[in-house]
Amino acid sequence: MHTAFFLLLGGALARFLLRHPGEARTPWIIALSVVLAALYVLGPALGPSLGTGAGTGAGTGSSTGLGARPTPRRLTWLALVVAVWMVLVVLAPSFAWCAVPLFYTGLRTLPARAALVLIAVLTVFVVGAQLRLAGNFDPNLLLAPPAVAAVATAVFVHMERQAERQRALIDDLVRTRRELAATERREGTLAERQRLSMEIHDTLAQSLSSQQMLLQAANRLWDADPERARAHVRTAESVTERGLVEARRFVHDLAPADLAGGGLDEALRTLAARESEAGLAVRFHAEGTPAPLPDRVESALLRIAQGALANVREHADATTAAITLTHLGDQVVLDIADNGRGFTPESPREGGVRGHGLPAIRARTRQLGGTLTIESAPGEGTVLSVAIPLEAS
């Protein structure tokens, strides 16, 4: 529109100079053309056309939208531009078609009703100028300028509505993205809390529980059998040391301490030997061809084994337990079996007094896309089986 304005202004001035050379009004026409061009260029220096500072005016080429409230400086500038143009049209009707870019200037600068009034006034001047140039009445000259004004206004209003829809859509997208980010943060927080609760249950809580049991046993035997009591204390000290290592690694969010020295097979073998020291005979057996497993799978299976043995030790009243790790190529299966008193798997508490061990095992299995199977009955022991597909891990 800015380019069109200066082209129309230059074309009208050239037409006048070619057809009316040396006339008395020529200096005035040239001077007013220069003033009009200078005023139009001055638009950007006046800043935004909105009183709120949102958007830019006609001089910058950015649409501010109908219904805008212009600043007094913008109103004064637009009034001067229109006034100079009107004088030019009165002196030289060929300047009339500069009104088309001024339509957009008014639409960008004024509220809707004021802009329509300005366009109507500009259109009247254009019609009068064209009839003067024709010299006689021509219906086309009477209808064409209003049609051009209507088309220009409709195009601007359509673009403005499209821009408003885009702004609303962008706002919705930004708001939706913020809400999604907040939801993901909440879900991440909840998942992290669940992870922390399971980690604490499978490490620190189990270690403290073992220490408590050993120290209670030592206290009961302290007078009657000092050697056995001291053995319990030494075992509790060993459990405390391992718990401290787990706590330090837990703080730094590293893998389980037992995995630091080897793979999952070695960690489970160490776990079986350690649990046997507390009065429960635990053996470990591996089947299949061992293959490297993802860290998160190894860590989860070790935690599951620790949680399962904690339940065996505290609730099953068992004398023997077996850990079996089976590598099947496309999946890895962990089985923990005991000869304890068993329970009814459908029971809400599932044989556990604290009620957190099995839910934690289920959650870990679900996170890896695996399946958990529990076979048990009162007086017949328990077999817990976890199958993890390696593709899903």
# chains A, B, ... in the order shown; residues from 1 in each chain; ligands from 1
call {"tool": "select_by_dssp", "arguments": {"residues": "stretch 95-339 of chain A", "states": "alpha helix (DSSP H)", "output": "PyMOL selection string"}}
result
chain A and resi 99-109+112-134+139-200+206-221+226-251+264-276+295-311
call {"tool": "closest_residue", "arguments": {"among": "A:Glu266, A:Glu241, A:Asp223, A:Asp202", "to": "A:Phe284", "atoms": "only C-alpha atoms"}}
result
A:Glu266
call {"tool": "residues_around", "arguments": {"residues": "stretch 10-16 of chain A", "least_positions_apart": "5", "cutoff": "12 Å", "atoms": "only C-alpha atoms", "output": "PyMOL selection string"}}
result
chain A and resi 3-5+21-23+25-34+36-37+85+88-89+91-99+133
call {"tool": "closest_residue", "arguments": {"among": "A:Val84, A:Leu110, A:Leu102, A:Thr240", "to": "A:Arg69", "atoms": "only C-alpha atoms"}}
result
A:Leu110
call {"tool": "residues_around", "arguments": {"residues": "A:Ile323", "least_positions_apart": "6", "cutoff": "7 Å", "atoms": "only C-alpha atoms", "output": "ChimeraX atom specification"}}
result
/A:283-285,335-337
call {"tool": "closest_residue", "arguments": {"among": "A:Gly288, A:Gly243, A:Gly379, A:Gly43", "to": "A:Leu204", "atoms": "only C-alpha atoms"}}
result
A:Gly243
call {"tool": "closest_residue", "arguments": {"among": "A:Ala129, A:Leu107, A:Ala305, A:Leu264", "to": "A:Ala291", "atoms": "only C-alpha atoms"}}
result
A:Leu264
call {"tool": "select_by_dssp", "arguments": {"residues": "stretch 266-384 of chain A", "states": "strand (DSSP E or B)", "output": "VMD selection string"}}
result
chain A and resid 281 to 287 320 to 327 331 to 338 371 to 376 382 to 384
call {"tool": "write_last_selection", "arguments": {"atoms": "C-alpha atoms", "output": "CSV table (one decimal), in the first residue's frame"}}
result
chain,number,residue,atom,x,y,z
A,281,ALA,CA,18.5,-70.4,53.0
A,282,VAL,CA,18.4,-68.7,49.6
A,283,ARG,CA,19.9,-70.1,46.5
A,284,PHE,CA,20.4,-68.6,43.1
A,285,HIS,CA,20.2,-70.3,39.7
A,286,ALA,CA,20.6,-68.8,36.2
A,287,GLU,CA,19.3,-70.4,33.0
A,320,THR,CA,14.2,-71.9,52.0
A,321,ALA,CA,13.8,-69.7,48.9
A,322,ALA,CA,15.1,-69.8,45.3
A,323,ILE,CA,15.9,-67.1,42.8
A,324,THR,CA,15.9,-68.1,39.2
A,325,LEU,CA,16.9,-65.8,36.4
A,326,THR,CA,16.1,-67.1,32.9
A,327,HIS,CA,17.4,-65.5,29.7
A,331,GLN,CA,12.7,-61.6,27.3
A,332,VAL,CA,14.1,-62.2,30.7
A,333,VAL,CA,12.2,-63.9,33.5
A,334,LEU,CA,12.8,-63.7,37.2
A,335,ASP,CA,11.3,-66.2,39.6
A,336,ILE,CA,11.3,-66.1,43.4
A,337,ALA,CA,9.9,-69.2,45.1
A,338,ASP,CA,9.6,-70.0,48.8
A,371,THR,CA,3.9,-59.1,33.4
A,372,LEU,CA,3.7,-60.3,37.0
A,373,THR,CA,2.4,-63.7,38.0
A,374,ILE,CA,1.8,-64.8,41.6
A,375,GLU,CA,1.0,-68.5,42.4
A,376,SER,CA,0.3,-69.1,46.1
A,382,THR,CA,4.6,-68.8,46.9
A,383,VAL,CA,6.1,-68.4,43.5
A,384,LEU,CA,6.4,-64.9,42.1
call {"tool": "atom_distance", "arguments": {"atom1": "atom CA of A:Val41", "atom2": "atom CA of A:Phe6"}}
result
9.9 Å
call {"tool": "closest_residue", "arguments": {"among": "A:Phe343, A:Phe125, A:Trp222, A:Tyr104", "to": "A:Ala154", "atoms": "only C-alpha atoms"}}
result
A:Tyr104
call {"tool": "atom_distance", "arguments": {"atom1": "atom CA of A:Arg362", "atom2": "atom CA of A:Arg193"}}
result
15.7 Å
call {"tool": "residues_around", "arguments": {"residues": "A:Ala300", "least_positions_apart": "3", "cutoff": "8 Å", "atoms": "only C-alpha atoms", "output": "JSON list (two decimals) with C-alpha atoms, in the first residue's frame"}}
result
[["chain", "number", "residue", "atom", "x", "y", "z"],
["A", 296, "ARG", "CA", 16.98, -49.95, 33.94],
["A", 297, "VAL", "CA", 15.96, -53.61, 33.50],
["A", 303, "ARG", "CA", 14.88, -54.25, 43.25],
["A", 304, "ILE", "CA", 12.05, -56.72, 42.58],
["A", 364, "ARG", "CA", 8.17, -51.69, 38.46],
["A", 365, "THR", "CA", 6.98, -54.51, 36.22]]
